[in-house]
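> Following this message is one structure expressed as C-alpha cells.
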Amino acid sequence: MVKLRTNVLIAYSSGYGVTKEISEEIAHILSQDPHINIELKPIDNIDHINGYSSVIVGTSVRADKLLANTRDFFATFRKELPNKKVAVFVVCLTASTPEGRKKVLQDYVPQIFERYNNLKPVSVAAFGGKIDFDRLNPVMQKLVKHVYEKTGVNGDGSVDNRDWDQIRAWVKEVKSKIL
C-alpha cells in the first residue's frame, strides 16, 4: 500500500523575525518525513489554504494581542480551517517559564478560539521569544524594558528565551497528530 503525502502549510507572522526562525525550524523538522510536503509562508502572502490537510500557524504577541494579520488570517479562513488539522504556536517573552507559558495560553490563544469556537486545534503551544535590543529604536527599547519589568524577564538588553528542545518536542507531537 502506498502512503499518501500530507500537505502542510506553515503560516507565520513575525514582527522581528523570531517567529519566522521558529517556523523555519518546524518546517525543517517536518520536511525530514518523506510523507509530508511543507510549504512555509508569511501570513501576509497566503491567499488560499486549498490543498493543505494541515495548517500550522505561528504568531508573536505585541501590546498584549496576537499580531493583527494573524487575527485577520483566522477571520479570512474561518470557514475552511475547521476542515483542516490546525496547530498554533505563540511566541512571547512571557512564555519563557512554565507559568509564563500557561499565562500566554490563557491570555492570548482565546483571542482566536473563543471567536471561532468551531475551530478545534490539534495542538497549541507557547514558546519563549528573543529580543535583539540593539536592533530596536529608542522608543521600542524603552517599551521592551517596560515589558521586561512587567513579565519578570531577566535582562535589560538582548534576550533569547527560546527553548529549542521544547519546540522540537512540540513538533514531534504535532507530527503524530497530522499524519
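All residue names refer to the C-alpha cells as shown: chains lettered A, B, ... in order, residues numbered from 1 in each chain, ligands numbered from 1 in order.
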Quick one: which region 88-136 of chain A residues come within 8 Å of region 147-166 of chain A, and what is the nearest atom pair for each with the distance in Å to one decimal, counting only C-alpha atoms, rows ordered by chain and ascending number, as JSON lines?

{"residue": "A:Leu93", "atom": "CA", "partner": "A:Asn161", "partner_atom": "CA", "distance": 6.9}
{"residue": "A:Thr94", "atom": "CA", "partner": "A:Thr151", "partner_atom": "CA", "distance": 5.7}
{"residue": "A:Ser96", "atom": "CA", "partner": "A:Asn161", "partner_atom": "CA", "distance": 5.6}
{"residue": "A:Phe127", "atom": "CA", "partner": "A:Arg162", "partner_atom": "CA", "distance": 6.4}
{"residue": "A:Gly128", "atom": "CA", "partner": "A:Arg162", "partner_atom": "CA", "distance": 4.6}
{"residue": "A:Gly129", "atom": "CA", "partner": "A:Asn161", "partner_atom": "CA", "distance": 5.3}
{"residue": "A:Lys130", "atom": "CA", "partner": "A:Asp160", "partner_atom": "CA", "distance": 4.1}
{"residue": "A:Ile131", "atom": "CA", "partner": "A:Val159", "partner_atom": "CA", "distance": 5.2}
{"residue": "A:Asp132", "atom": "CA", "partner": "A:Ser158", "partner_atom": "CA", "distance": 4.8}
{"residue": "A:Phe133", "atom": "CA", "partner": "A:Ser158", "partner_atom": "CA", "distance": 4.6}
{"residue": "A:Asp134", "atom": "CA", "partner": "A:Ser158", "partner_atom": "CA", "distance": 7.3}
> Step one, run DSSP on the backbone; step two, keep only residues of chain A assigned to helix (DSSP H, G or I); then write them as a PyMOL selection string.
chain A and resi 18-31+43-45+68-76+81-83+93-96+98-107+110-113+133-135+138-151+164-178
> For CA of Leu81 (chain A) and CA of Pro98 (chain A), quote the distance in Å rounded to one decimal.
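Separating CA of Leu81 (chain A) from CA of Pro98 (chain A) is a distance of 28.7 Å.
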> Between CA of Lys65 (chain A) and CA of Gln111 (chain A), what distance in Å does the model show, to one decimal?
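Distance between the two atoms: 7.9 Å.
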> If you run DSSP on the backbone, which residues of chain A are strand (DSSP E), as a CSV table (one decimal) with C-alpha atoms, in the first residue's frame?

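Now in selection_21.csv:
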chain,number,residue,atom,x,y,z
A,6,THR,CA,0.3,15.1,3.7
A,7,ASN,CA,0.4,18.7,2.5
A,8,VAL,CA,1.2,21.1,5.4
A,9,LEU,CA,1.1,24.9,5.4
A,10,ILE,CA,3.2,26.7,8.0
A,11,ALA,CA,1.9,30.2,8.1
A,12,TYR,CA,3.7,32.7,10.3
A,13,SER,CA,3.5,36.3,11.4
A,36,ILE,CA,5.0,15.3,4.5
A,37,ASN,CA,5.1,18.2,1.9
A,38,ILE,CA,5.8,21.5,3.6
A,39,GLU,CA,5.0,25.0,2.4
A,40,LEU,CA,6.3,27.8,4.6
A,41,LYS,CA,4.9,31.3,4.0
A,42,PRO,CA,4.5,34.6,5.7
A,54,SER,CA,-3.0,20.7,7.9
A,55,VAL,CA,-2.1,24.3,8.8
A,56,ILE,CA,0.4,25.3,11.5
A,57,VAL,CA,0.0,29.0,12.4
A,58,GLY,CA,2.8,30.8,14.3
A,59,THR,CA,2.5,34.3,15.6
A,60,SER,CA,4.1,36.7,18.1
A,61,VAL,CA,2.4,39.0,20.6
A,62,ARG,CA,2.5,42.8,20.6
A,65,LYS,CA,-2.5,40.9,21.4
A,66,LEU,CA,-1.7,38.4,18.7
A,85,LYS,CA,-5.9,19.9,11.2
A,86,VAL,CA,-4.7,23.1,12.8
A,87,ALA,CA,-1.9,23.7,15.2
A,88,VAL,CA,-1.0,27.1,16.7
A,89,PHE,CA,2.1,28.4,18.4
A,90,VAL,CA,2.6,31.8,20.0
A,91,VAL,CA,6.0,33.4,20.6
A,123,SER,CA,-2.2,21.3,19.4
A,124,VAL,CA,-1.4,24.7,20.8
A,125,ALA,CA,1.9,25.9,22.3
A,126,ALA,CA,3.6,28.9,23.7
A,127,PHE,CA,7.3,29.5,23.2
A,130,LYS,CA,14.0,36.7,21.6
A,131,ILE,CA,14.8,40.4,21.6
A,159,VAL,CA,17.5,38.2,25.5
A,160,ASP,CA,17.0,34.8,23.8
